[in-house]
>>> print(open('structure09.txt').read())   # compact mmCIF, C-alpha atoms
# COMPACT_ATOMS: atom_id res chain seq x y z
CA MET A 1 60.59 -50.67 14.16
CA TYR A 2 61.31 -48.88 17.37
CA ALA A 3 62.87 -50.74 20.26
CA LEU A 4 60.47 -51.72 23.00
CA PHE A 5 62.27 -49.82 25.75
CA HIS A 6 64.57 -46.83 25.95
CA ILE A 7 66.31 -47.02 29.30
CA THR A 8 68.64 -44.20 30.26
CA PHE A 9 69.26 -45.19 33.83
CA VAL A 10 70.73 -48.28 35.48
CA LEU A 11 68.35 -50.59 37.32
CA HIS A 12 69.67 -51.56 40.73
CA VAL A 13 68.99 -54.98 42.19
CA LEU A 14 66.90 -54.45 45.28
CA VAL A 15 66.76 -56.52 48.41
CA ILE A 16 63.15 -56.59 49.57
CA ALA A 17 62.71 -57.10 53.30
CA SER A 18 60.45 -59.92 54.35
CA ALA A 19 56.91 -58.83 55.19
CA THR A 20 55.80 -58.41 58.79
CA VAL A 21 52.36 -57.96 60.26
CA ALA A 22 52.97 -54.42 61.46
CA PRO A 23 52.80 -51.68 58.84
CA ASN A 24 56.12 -50.33 57.56
CA ARG A 25 56.94 -47.01 55.95
CA VAL A 26 58.15 -46.17 52.47
CA ASN A 27 59.51 -42.80 51.33
CA PHE A 28 58.41 -41.59 47.91
CA ASP A 29 60.11 -39.39 45.36
CA LEU A 30 58.57 -38.08 42.16
CA ASP A 31 59.86 -40.35 39.43
CA ARG A 32 61.63 -39.73 36.15
CA GLN A 33 59.71 -38.64 33.07
CA SER A 34 57.65 -41.12 31.10
CA ASN A 35 55.88 -40.34 27.83
CA LEU A 36 53.60 -42.02 25.33
CA PRO A 37 55.02 -40.67 22.03
CA SER A 38 52.95 -40.85 18.87
CA PRO A 39 54.55 -43.07 16.18
CA ALA A 40 55.01 -41.73 12.68
CA ASN A 41 53.85 -45.11 11.40
CA PRO A 42 50.75 -46.35 13.27
CA ASN A 43 51.92 -49.94 12.76
CA ASP A 44 55.21 -49.34 14.56
CA GLN A 45 55.52 -50.54 18.13
CA ARG A 46 56.51 -47.61 20.30
CA PRO A 47 57.97 -47.61 23.78
CA LEU A 48 55.49 -46.59 26.44
CA LEU A 49 58.20 -45.43 28.82
CA VAL A 50 60.97 -43.02 27.90
CA THR A 51 62.91 -42.12 31.00
CA HIS A 52 64.86 -38.98 31.73
CA ALA A 53 67.10 -38.07 34.66
CA PRO A 54 65.57 -35.66 37.18
CA THR A 55 66.91 -32.15 37.37
CA SER A 56 67.50 -32.19 41.12
CA GLU A 57 67.59 -34.54 44.07
CA PRO A 58 63.95 -35.03 45.12
CA LEU A 59 62.63 -34.81 48.63
CA THR A 60 60.51 -37.53 50.16
CA ILE A 61 57.16 -38.34 51.68
CA SER A 62 56.31 -41.22 53.93
CA LEU A 63 53.50 -43.73 53.48
CA LYS A 64 52.59 -46.72 55.64
CA THR A 65 52.69 -50.17 54.06
CA ARG A 66 51.46 -53.57 55.12
CA PRO A 67 51.79 -57.10 53.70
CA ILE A 68 48.89 -58.22 51.53
CA THR A 69 48.20 -61.49 49.73
CA VAL A 70 47.73 -61.33 45.96
CA TYR A 71 46.97 -63.89 43.29
CA ARG A 72 48.72 -63.42 39.97
CA PRO A 73 48.53 -65.32 36.68
CA LYS A 74 51.53 -67.62 36.37
CA SER A 75 51.84 -66.53 32.74
CA LEU A 76 50.65 -63.14 31.45
CA ASP A 77 50.65 -64.53 27.91
CA ALA A 78 48.40 -67.41 28.96
CA HIS A 79 46.15 -64.96 30.80
CA GLU A 80 45.71 -62.80 27.70
CA HIS A 81 45.22 -65.87 25.49
CA ALA A 82 42.46 -67.10 27.78
CA ARG A 83 40.81 -63.67 27.79
CA LEU A 84 40.78 -63.43 24.00
CA ARG A 85 39.58 -67.00 23.59
CA SER A 86 36.66 -66.27 25.88
CA LEU A 87 36.01 -62.97 24.11
CA HIS A 88 36.10 -64.23 20.53
CA HIS A 89 35.02 -67.87 20.87
CA ALA A 90 33.06 -68.01 24.16
CA GLU A 91 35.37 -70.79 25.33
CA THR A 92 36.95 -71.00 28.77
CA GLU A 93 40.57 -71.84 29.36
CA PRO A 94 42.08 -72.68 32.77
CA ILE A 95 44.50 -70.21 34.31
CA GLU A 96 47.25 -71.05 36.78
CA TRP A 97 47.42 -68.59 39.67
CA GLU A 98 50.38 -67.91 41.93
CA LYS A 99 49.89 -66.77 45.51
CA ALA A 100 52.31 -64.10 46.76
CA VAL A 101 52.67 -61.76 49.71
CA VAL A 102 53.68 -58.23 48.71
CA SER A 103 54.06 -54.87 50.38
CA GLY A 104 50.91 -52.84 49.75
CA PRO A 105 49.49 -49.54 51.00
CA ASP A 106 48.09 -49.50 54.52
CA ILE A 107 44.48 -48.61 53.65
CA GLU A 108 43.59 -48.18 57.32
CA ASP A 109 45.96 -45.22 57.66
CA ARG A 110 44.39 -41.81 57.02
CA HIS A 111 47.65 -40.12 55.99
CA THR A 112 48.51 -42.86 53.50
CA LEU A 113 45.12 -42.58 51.79
CA SER A 114 45.40 -38.80 51.74
CA GLN A 115 48.85 -38.92 50.12
CA LEU A 116 47.75 -41.48 47.54
CA ALA A 117 44.80 -39.22 46.73
CA ARG A 118 47.21 -36.32 46.22
CA MET A 119 49.21 -38.44 43.79
CA THR A 120 45.91 -39.14 42.05
CA ALA A 121 44.97 -35.46 41.90
CA ASN A 122 48.28 -34.53 40.32
CA ALA A 123 47.65 -36.95 37.45
CA TYR A 124 45.36 -34.27 35.99
CA GLN A 125 48.02 -31.64 35.27
CA LEU A 126 51.70 -30.96 34.85
CA PRO A 127 53.91 -29.69 37.70
CA GLY A 128 53.77 -25.92 38.03
CA HIS A 129 50.21 -25.73 36.73
CA LYS A 130 47.84 -23.62 38.81
CA ASN A 131 45.81 -26.71 39.66
CA TRP A 132 48.82 -28.79 40.68
CA TYR A 133 47.92 -30.02 44.14
CA ASP A 134 50.05 -28.69 46.97
CA LEU A 135 51.55 -31.61 48.86
CA ASP A 136 53.34 -31.61 52.20
CA LEU A 137 56.69 -29.84 52.44
CA SER A 138 58.74 -32.98 51.91
CA TRP A 139 57.71 -33.08 48.24
CA ASN A 140 59.73 -31.51 45.45
CA VAL A 141 57.14 -30.33 42.95
CA ASN A 142 59.82 -29.69 40.32
CA ALA A 143 60.72 -33.37 40.20
CA SER A 144 57.42 -34.70 38.83
CA PHE A 145 57.65 -36.24 35.37
CA PRO A 146 54.47 -37.44 33.67
CA PHE A 147 53.57 -39.95 30.99
CA GLY A 148 51.22 -39.39 28.07
CA TRP A 149 51.44 -35.59 28.09
CA ASP A 150 52.84 -35.25 24.60
CA THR A 151 51.14 -32.25 22.96
CA GLU A 152 49.78 -34.42 20.17
CA GLU A 153 48.58 -37.15 22.47
CA ASP A 154 44.93 -37.32 23.51
CA GLY A 155 44.79 -40.52 25.46
CA PHE A 156 46.12 -42.29 28.54
CA ARG A 157 47.83 -39.87 30.96
CA GLY A 158 49.18 -39.64 34.48
CA HIS A 159 52.35 -39.76 36.60
CA VAL A 160 54.79 -42.33 37.93
CA PHE A 161 56.03 -41.97 41.51
CA ALA A 162 58.89 -43.97 43.02
CA SER A 163 60.30 -44.58 46.46
CA ARG A 164 63.88 -43.38 46.98
CA ASP A 165 65.30 -46.90 46.64
CA ASN A 166 62.90 -47.85 43.79
CA SER A 167 61.41 -50.60 45.95
CA THR A 168 57.88 -49.22 45.42
CA ILE A 169 56.43 -47.67 42.27
CA VAL A 170 53.04 -45.93 42.10
CA LEU A 171 51.30 -45.48 38.75
CA SER A 172 48.75 -42.65 39.01
CA ILE A 173 46.18 -42.59 36.18
CA LYS A 174 44.22 -39.52 35.14
CA GLY A 175 40.44 -39.63 35.14
CA THR A 176 37.95 -37.85 32.91
CA THR A 177 38.62 -34.31 31.77
CA VAL A 178 35.40 -32.59 30.68
CA GLN A 179 37.13 -30.02 28.48
CA GLY A 180 40.58 -30.72 27.08
CA PRO A 181 42.52 -32.75 24.52
CA THR A 182 41.61 -36.06 26.19
CA SER A 183 37.90 -35.28 26.62
CA LYS A 184 36.63 -37.13 23.55
CA LYS A 185 38.42 -40.37 24.37
CA ASP A 186 37.67 -39.99 28.07
CA LYS A 187 33.95 -39.86 27.32
CA LEU A 188 34.19 -42.80 24.91
CA ASN A 189 35.88 -44.93 27.58
CA ASP A 190 33.39 -43.82 30.24
CA ASN A 191 30.40 -44.70 28.10
CA LEU A 192 31.83 -48.01 26.90
CA LEU A 193 32.90 -49.22 30.34
CA PHE A 194 30.21 -47.89 32.68
CA SER A 195 26.96 -47.72 30.71
CA CYS A 196 24.47 -50.58 30.60
CA CYS A 197 24.23 -50.65 26.82
CA CYS A 198 26.38 -48.40 24.62
CA ALA A 199 25.36 -45.25 26.50
CA ARG A 200 21.76 -45.53 25.35
CA VAL A 201 19.85 -43.60 28.00
CA ASP A 202 16.60 -43.35 26.06
CA PHE A 203 15.40 -43.05 22.46
CA SER A 204 16.82 -39.52 22.18
CA TRP A 205 20.36 -40.95 22.49
CA THR A 206 20.14 -42.87 19.20
CA PHE A 207 22.85 -40.70 17.65
CA SER A 208 24.94 -40.40 20.83
CA THR A 209 25.54 -44.07 21.52
CA VAL A 210 29.07 -45.53 21.37
CA CYS A 211 28.14 -48.91 19.88
CA ASP A 212 25.19 -50.56 18.14
CA CYS A 213 24.29 -53.31 20.59
CA TYR A 214 20.78 -52.23 21.56
CA SER A 215 18.07 -54.62 20.44
CA TRP A 216 14.68 -53.00 20.09
CA SER A 217 11.78 -54.47 22.01
CA ALA A 218 8.40 -52.95 22.74
CA LEU A 219 8.36 -54.29 26.29
CA HIS A 220 12.00 -54.77 27.30
CA ARG A 221 15.39 -53.11 27.34
CA ARG A 222 17.60 -55.61 25.58
CA CYS A 223 21.31 -55.51 24.86
CA ASP A 224 23.51 -57.96 22.96
CA ASP A 225 26.36 -59.33 25.09
CA THR A 226 28.56 -60.43 22.17
CA CYS A 227 28.23 -57.03 20.53
CA LEU A 228 29.22 -55.30 23.79
CA SER A 229 32.34 -57.41 24.20
CA LYS A 230 33.41 -56.72 20.62
CA ALA A 231 32.89 -52.99 21.16
CA LEU A 232 35.51 -53.05 23.92
CA VAL A 233 38.18 -54.36 21.55
CA GLN A 234 39.45 -51.19 19.97
CA ASP A 235 42.60 -49.12 20.03
CA SER A 236 40.91 -46.16 21.69
CA LEU A 237 40.12 -48.18 24.82
CA PHE A 238 42.48 -47.08 27.59
CA TYR A 239 42.60 -50.54 29.17
CA SER A 240 44.76 -51.92 26.35
CA THR A 241 47.16 -48.97 26.61
CA GLY A 242 47.34 -49.46 30.35
CA VAL A 243 48.23 -53.14 29.99
CA ASN A 244 51.25 -52.23 27.87
CA LEU A 245 52.28 -49.50 30.30
CA VAL A 246 52.17 -51.83 33.31
CA LYS A 247 54.22 -54.41 31.39
CA ASP A 248 56.82 -51.70 30.79
CA LEU A 249 56.90 -50.84 34.49
CA LEU A 250 57.32 -54.49 35.41
CA PHE A 251 60.27 -54.63 33.02
CA LEU A 252 61.85 -51.43 34.30
CA TYR A 253 61.33 -52.28 37.98
CA PRO A 254 61.48 -56.10 38.15
CA PHE A 255 62.11 -56.18 41.92
CA ALA A 256 59.73 -53.40 42.94
CA ASP A 257 56.25 -53.44 44.44
CA ILE A 258 53.98 -51.67 41.94
CA TRP A 259 50.80 -49.95 43.09
CA LEU A 260 48.12 -48.28 40.99
CA VAL A 261 45.93 -45.32 41.91
CA GLY A 262 43.40 -43.19 40.10
CA HIS A 263 40.32 -41.00 40.41
CA SER A 264 37.00 -41.59 38.62
CA LEU A 265 37.70 -43.20 35.22
CA GLY A 266 41.38 -43.40 36.21
CA GLY A 267 40.42 -45.30 39.35
CA SER A 268 38.38 -47.88 37.46
CA LEU A 269 41.25 -48.36 35.01
CA ALA A 270 43.64 -48.78 37.95
CA SER A 271 41.32 -51.46 39.34
CA LEU A 272 41.02 -53.33 36.03
CA LEU A 273 44.79 -53.27 35.58
CA GLY A 274 45.43 -54.25 39.19
CA SER A 275 43.02 -57.17 38.79
CA THR A 276 44.75 -58.22 35.57
CA PHE A 277 48.27 -58.26 37.02
CA GLY A 278 47.55 -58.96 40.68
CA LEU A 279 48.85 -55.53 41.75
CA PRO A 280 47.50 -53.47 44.67
CA ALA A 281 45.26 -50.62 43.53
CA VAL A 282 43.54 -47.82 45.45
CA THR A 283 40.84 -45.84 43.67
CA PHE A 284 38.94 -42.69 44.56
CA GLU A 285 35.31 -42.02 43.55
CA ALA A 286 35.52 -44.61 40.74
CA PRO A 287 32.46 -45.88 38.83
CA GLY A 288 31.62 -49.54 39.31
CA GLU A 289 33.95 -51.60 37.11
CA ARG A 290 32.79 -55.15 37.90
CA MET A 291 30.58 -55.29 34.79
CA ALA A 292 33.42 -53.87 32.66
CA ALA A 293 35.69 -56.68 33.90
CA ASN A 294 33.09 -59.21 32.79
CA ARG A 295 32.67 -57.61 29.39
CA LEU A 296 36.43 -57.48 28.93
CA HIS A 297 36.41 -61.21 29.80
CA LEU A 298 39.14 -60.71 32.39
CA PRO A 299 40.15 -64.04 33.94
CA LEU A 300 40.10 -63.47 37.70
CA PRO A 301 41.27 -65.73 40.55
CA PRO A 302 38.51 -67.95 41.98
CA PRO A 303 36.70 -66.92 45.18
CA ILE A 304 38.10 -68.06 48.52
CA GLY A 305 36.18 -69.21 51.57
CA ASP A 306 32.68 -67.79 52.03
CA SER A 307 33.16 -64.93 49.58
CA SER A 308 31.52 -65.10 46.16
CA LEU A 309 33.87 -62.49 44.69
CA PRO A 310 37.39 -62.93 43.26
CA PRO A 311 40.23 -62.09 45.72
CA VAL A 312 41.69 -59.11 43.86
CA PRO A 313 43.91 -56.56 45.71
CA ILE A 314 41.66 -53.58 45.01
CA THR A 315 40.41 -50.94 47.45
CA HIS A 316 37.79 -48.42 46.35
CA VAL A 317 37.48 -45.23 48.39
CA TYR A 318 34.40 -43.07 47.95
CA HIS A 319 31.70 -41.20 49.88
CA ASN A 320 27.95 -41.50 49.68
CA ALA A 321 27.26 -37.95 48.50
CA ASP A 322 28.95 -38.67 45.17
CA PRO A 323 26.49 -40.18 42.65
CA VAL A 324 29.19 -41.50 40.29
CA PRO A 325 30.57 -44.49 42.27
CA GLN A 326 27.03 -45.33 43.40
CA GLY A 327 25.66 -45.44 39.84
CA THR A 328 22.96 -42.88 40.60
CA CYS A 329 23.89 -40.12 38.16
CA THR A 330 21.48 -41.67 35.69
CA GLY A 331 18.36 -40.93 33.69
CA VAL A 332 17.85 -38.53 30.82
CA SER A 333 17.38 -35.56 33.18
CA SER A 334 20.55 -36.21 35.22
CA VAL A 335 23.55 -33.90 35.06
CA CYS A 336 25.68 -36.75 33.70
CA ALA A 337 23.26 -37.53 30.87
CA GLN A 338 22.91 -33.89 29.96
CA ALA A 339 26.70 -33.73 29.58
CA GLY A 340 26.67 -36.87 27.40
CA TYR A 341 27.77 -39.44 29.99
CA ALA A 342 25.94 -42.65 30.88
CA LEU A 343 27.59 -43.65 34.18
CA GLU A 344 25.18 -46.38 35.22
CA THR A 345 27.23 -49.09 36.96
CA ARG A 346 27.71 -49.26 40.73
CA CYS A 347 29.28 -52.66 41.58
CA HIS A 348 33.00 -52.69 42.39
CA LEU A 349 35.67 -55.36 42.50
CA GLY A 350 37.71 -55.91 45.67
CA LYS A 351 36.64 -54.02 48.79
CA SER A 352 35.17 -50.55 49.30
CA ILE A 353 35.76 -47.92 51.95
CA VAL A 354 32.63 -45.76 52.01
CA TYR A 355 32.59 -42.48 53.94
CA ASP A 356 29.13 -41.50 55.20
CA THR A 357 29.36 -37.80 54.39
CA VAL A 358 25.57 -37.51 54.14
CA GLN A 359 25.11 -38.35 57.81
CA LYS A 360 28.34 -36.98 59.31
CA LEU A 361 28.80 -33.83 57.23
CA GLY A 362 25.20 -33.19 56.21
CA TRP A 363 26.05 -33.32 52.50
CA HIS A 364 23.43 -33.83 49.82
CA VAL A 365 24.08 -36.07 46.83
CA ASP A 366 25.71 -33.73 44.32
CA LEU A 367 27.96 -34.34 41.32
CA ARG A 368 30.14 -31.43 42.45
CA LYS A 369 31.25 -33.60 45.38
CA HIS A 370 32.95 -35.91 42.87
CA VAL A 371 35.94 -33.55 42.49
CA ILE A 372 39.11 -35.12 43.95
CA LYS A 373 40.22 -31.93 45.72
CA GLU A 374 36.90 -31.80 47.57
CA VAL A 375 37.40 -35.41 48.63
CA ILE A 376 40.92 -34.77 49.91
CA LEU A 377 40.27 -31.57 51.85
CA GLU A 378 36.80 -32.29 53.23
CA VAL A 379 36.88 -36.06 53.70
CA LEU A 380 40.30 -37.70 53.78
CA ASP A 381 42.02 -34.91 55.71
CA LEU A 382 39.26 -34.71 58.31
CA GLU A 383 40.78 -35.68 61.66
CA ASP A 384 37.50 -36.65 63.30
CA GLY A 385 36.61 -40.33 63.46
CA TRP A 386 34.01 -41.97 61.22
CA PRO A 387 31.32 -43.98 63.02
CA ASP A 388 30.18 -47.40 61.85
CA GLU A 389 26.73 -48.96 62.31
CA ASP A 390 27.72 -50.12 65.80
CA GLY A 391 28.80 -46.67 66.93
CA ASN A 392 32.53 -47.42 66.81
CA GLN A 393 34.82 -44.60 65.63
CA TRP A 394 37.44 -45.25 62.93
CA ASP A 395 40.10 -43.05 61.36
CA VAL A 396 39.14 -44.79 58.11
CA PRO A 397 35.87 -46.69 57.57
CA VAL A 398 36.21 -50.47 57.39
CA ALA A 399 36.76 -51.87 53.88
CA ARG A 400 34.03 -54.32 52.84
CA GLU A 401 33.13 -56.36 49.78
CA GLU A 402 30.05 -55.23 47.89
CA GLU A 403 28.10 -58.47 48.18
CA ASP A 404 24.73 -58.95 46.46
CA CYS A 405 25.37 -55.99 44.17
CA VAL A 406 23.64 -56.08 40.77
CA ASP A 407 24.25 -53.75 37.84
CA CYS A 408 21.72 -52.74 35.18
CA PHE A 409 18.88 -54.84 36.63
CA LYS A 410 16.37 -53.15 34.29
CA TRP A 411 18.15 -54.56 31.24
CA GLU A 412 18.10 -57.99 29.63
CA PHE A 413 21.38 -59.27 28.16
CA GLY A 414 21.79 -62.08 25.65
CA ASP A 415 22.52 -62.95 22.01
CA TYR A 416 19.62 -60.95 20.65
CA LYS A 417 21.30 -59.80 17.47
CA LYS A 418 22.31 -63.36 16.63
CA ASP A 419 18.72 -64.47 17.15
CA LYS A 420 17.50 -61.62 14.98
CA ASP A 421 19.92 -62.58 12.20
CA LYS A 422 18.65 -66.17 12.32
CA ASP A 423 15.04 -65.01 12.10
CA GLY A 424 15.91 -62.88 9.10
>>> encode(input="structure09.txt", output="structure tokens")
Amino acid sequence: MYALFHITFVLHVLVIASATVAPNRVNFDLDRQSNLPSPANPNDQRPLLVTHAPTSEPLTISLKTRPITVYRPKSLDAHEHARLRSLHHAETEPIEWEKAVVSGPDIEDRHTLSQLARMTANAYQLPGHKNWYDLDLSWNVNASFPFGWDTEEDGFRGHVFASRDNSTIVLSIKGTTVQGPTSKKDKLNDNLLFSCCCARVDFSWTFSTVCDCYSWSALHRRCDDTCLSKALVQDSLFYSTGVNLVKDLLFLYPFADIWLVGHSLGGSLASLLGSTFGLPAVTFEAPGERMAANRLHLPLPPPIGDSSLPPVPITHVYHNADPVPQGTCTGVSSVCAQAGYALETRCHLGKSIVYDTVQKLGWHVDLRKHVIKEVILEVLDLEDGWPDEDGNQWDVPVAREEEDCVDCFKWEFGDYKKDKDKDG
């Protein structure tokens, strides 16, 4: 049995300054290497983080931070126990939540969002690759060390970034790669998490579905809820891998503020993990993950005040010319369906910053606008203000909850397979 952690550097006790209302700044380095090695024995527990010293002293970037209030489970073990009890036995279990004020990213600052998006973009490749995103001159591109890029690994990938004093850690999670070693599992996770029912678009998808939860009806689209939840409990689901990775980061950096970022699938995973642990997450062009959270039976903190949604520290950033976060790349004739993806959900947790690129830039809805580099260069880096419905100009559109949002309204969900078994 392998040890849970291999730590080759000394953790320093950090003194975290008390939060103030005005945004602060944090300087980021590219962190030490982290890998997800493949065990010789599948039953062995392997470390998710293997750290290595950097080859040179990294340079820094500067991001703005601001204090945010988060709600975290008092016990992660109790949180997971409650989730599994709900999943397997349909029984609820109370969760104790702790309120805390942490240093999070200043989502109203254009430069901060742009830099977080660059971290997100670089989760797709190794440093030195032709598609490695050029960052500002204060970055040292030779100091980036990824996780999950083992040549035999075809799963959860990305990068870990750290501030110079290790007070802030950013986990950047890779999204879907259409062609590459992760493509098969990427598509499986996409279709499990973001389709209405097992990626069944129409009758022609009978042999392309990712689970068998569809219940035939001459007049209705019906899907079995229990079957869907069970389908999400499998080793190939990236959420479970991400939970273990975040636990490792919490162990390695016990006094640090940990943020999560990601694009597309990686963004939705960052949101699900941030909601699980009460960690700030910023996503870019991510599919709606609210339904996935329900199907994973994630215990979430109760709503506060007039809001009907849980107070999770998640910010989704997307524009309205991208069909993926809006759940409009659907139907058997859509580009997504033709490529084998059923990205049908549109409702997000937390709050969303939506850039009106259709009105301001004259863009048409086009899947090609989903690419993170397009978002960075043409949207986030644009220095012009973004108008709201009242005509006010903002560097960054105001973040708002997606109230009254409904996913998969054409489907009926229930225990249809159970009823069918009883009838038989």
>>> residues_around(input="structure09.txt", residues="Leu188 in chain A", least_positions_apart="6", cutoff="10 Å", atoms="only C-alpha atoms", output="PyMOL selection string")
chain A and resi 198-199+209-211+236-238+340-341
>>> closest_atom_pairs(input="structure09.txt", of="range 227-344 of chain A", to="range 69-80 of chain A", cutoff="9 Å", atoms="only C-alpha atoms", output="JSON lines")
{"residue": "A:Ser275", "atom": "CA", "partner": "A:Arg72", "partner_atom": "CA", "distance": 8.5}
{"residue": "A:Thr276", "atom": "CA", "partner": "A:Arg72", "partner_atom": "CA", "distance": 7.9}
{"residue": "A:Phe277", "atom": "CA", "partner": "A:Arg72", "partner_atom": "CA", "distance": 6.0}
{"residue": "A:Gly278", "atom": "CA", "partner": "A:Arg72", "partner_atom": "CA", "distance": 4.7}
{"residue": "A:Leu279", "atom": "CA", "partner": "A:Val70", "partner_atom": "CA", "distance": 7.3}
{"residue": "A:Pro280", "atom": "CA", "partner": "A:Val70", "partner_atom": "CA", "distance": 8.0}
{"residue": "A:Leu298", "atom": "CA", "partner": "A:Glu80", "partner_atom": "CA", "distance": 8.3}
{"residue": "A:Pro299", "atom": "CA", "partner": "A:His79", "partner_atom": "CA", "distance": 6.8}
{"residue": "A:Leu300", "atom": "CA", "partner": "A:Pro73", "partner_atom": "CA", "distance": 8.7}
{"residue": "A:Pro301", "atom": "CA", "partner": "A:Tyr71", "partner_atom": "CA", "distance": 6.6}
{"residue": "A:Pro311", "atom": "CA", "partner": "A:Tyr71", "partner_atom": "CA", "distance": 7.4}
{"residue": "A:Val312", "atom": "CA", "partner": "A:Val70", "partner_atom": "CA", "distance": 6.8}
{"residue": "A:Pro313", "atom": "CA", "partner": "A:Val70", "partner_atom": "CA", "distance": 6.1}
>>> residues_around(input="structure09.txt", residues="Glu402 in chain A", least_positions_apart="6", cutoff="10 Å", atoms="only C-alpha atoms", output="mmCIF file with C-alpha atoms, keeping the file's coordinate frame")
data_model
loop_
_atom_site.group_PDB
_atom_site.id
_atom_site.type_symbol
_atom_site.label_atom_id
_atom_site.label_comp_id
_atom_site.auth_asym_id
_atom_site.auth_seq_id
_atom_site.Cartn_x
_atom_site.Cartn_y
_atom_site.Cartn_z
ATOM 1 C CA LEU A 309 33.870 -62.490 44.690
ATOM 2 C CA ARG A 346 27.710 -49.260 40.730
ATOM 3 C CA CYS A 347 29.280 -52.660 41.580
ATOM 4 C CA HIS A 348 33.000 -52.690 42.390
ATOM 5 C CA LEU A 349 35.670 -55.360 42.500
ATOM 6 C CA GLY A 350 37.710 -55.910 45.670
ATOM 7 C CA LYS A 351 36.640 -54.020 48.790
ATOM 8 C CA SER A 352 35.170 -50.550 49.300
#
>>> atom_distance(input="structure09.txt", atom1="CA of Thr176 in chain A", atom2="CA of Asn122 in chain A")
13.1 Å
>>> closest_residue(input="structure09.txt", among="A:Arg368, A:Phe413, A:Leu171, A:Ala342", to="Asp248 in chain A", atoms="only C-alpha atoms")
A:Leu171
>>> closest_residue(input="structure09.txt", among="A:Val261, A:Leu87, A:Leu245, A:Cys223", to="Gly414 in chain A", atoms="only C-alpha atoms")
A:Cys223
>>> residues_near_point(input="structure09.txt", point="(53.5, -43.9, 40.4)", cutoff="7 Å", atoms="only C-alpha atoms", output="ChimeraX atom specification")
/A:159-162,169-172,260
>>> closest_residue(input="structure09.txt", among="A:Ala286, A:Ile107, A:Lys247, A:Val335", to="Ile68 in chain A", atoms="all atoms listed in the file")
A:Ile107
>>> residues_around(input="structure09.txt", residues="Trp363 in chain A", least_positions_apart="5", cutoff="9 Å", atoms="all atoms listed in the file", output="ChimeraX atom specification")
/A:320-321,357-358,369
>>> build_atoms(input="structure09.txt", residues="range 164-174 of chain A", atoms="N, CA, C and O atoms", output="compact mmCIF listing (two decimals), keeping the file's coordinate frame")
# COMPACT_ATOMS: atom_id res chain seq x y z
N ARG A 164 62.49 -43.80 47.19
CA ARG A 164 63.88 -43.38 46.98
C ARG A 164 64.76 -44.55 46.54
O ARG A 164 65.67 -44.37 45.73
N ASP A 165 64.49 -45.75 47.02
CA ASP A 165 65.30 -46.90 46.64
C ASP A 165 64.67 -47.71 45.51
O ASP A 165 65.11 -48.82 45.21
N ASN A 166 63.60 -47.17 44.88
CA ASN A 166 62.90 -47.85 43.79
C ASN A 166 62.26 -49.17 44.22
O ASN A 166 61.92 -49.99 43.38
N SER A 167 62.04 -49.36 45.50
CA SER A 167 61.41 -50.60 45.95
C SER A 167 59.90 -50.56 45.76
O SER A 167 59.26 -51.61 45.75
N THR A 168 59.32 -49.36 45.63
CA THR A 168 57.88 -49.22 45.42
C THR A 168 57.62 -48.18 44.35
O THR A 168 58.16 -47.07 44.40
N ILE A 169 56.79 -48.55 43.38
CA ILE A 169 56.43 -47.67 42.27
C ILE A 169 54.92 -47.47 42.30
O ILE A 169 54.16 -48.42 42.48
N VAL A 170 54.47 -46.22 42.13
CA VAL A 170 53.04 -45.93 42.10
C VAL A 170 52.69 -45.32 40.74
O VAL A 170 53.24 -44.28 40.36
N LEU A 171 51.81 -45.99 40.02
CA LEU A 171 51.30 -45.48 38.75
C LEU A 171 49.98 -44.77 39.02
O LEU A 171 49.01 -45.39 39.47
N SER A 172 49.94 -43.46 38.79
CA SER A 172 48.75 -42.65 39.01
C SER A 172 48.12 -42.32 37.65
O SER A 172 48.77 -41.73 36.78
N ILE A 173 46.85 -42.69 37.48
CA ILE A 173 46.18 -42.59 36.18
C ILE A 173 45.12 -41.50 36.22
O ILE A 173 44.28 -41.44 37.12
N LYS A 174 45.16 -40.63 35.23
CA LYS A 174 44.22 -39.52 35.14
C LYS A 174 42.81 -40.01 34.83
O LYS A 174 42.61 -40.96 34.08
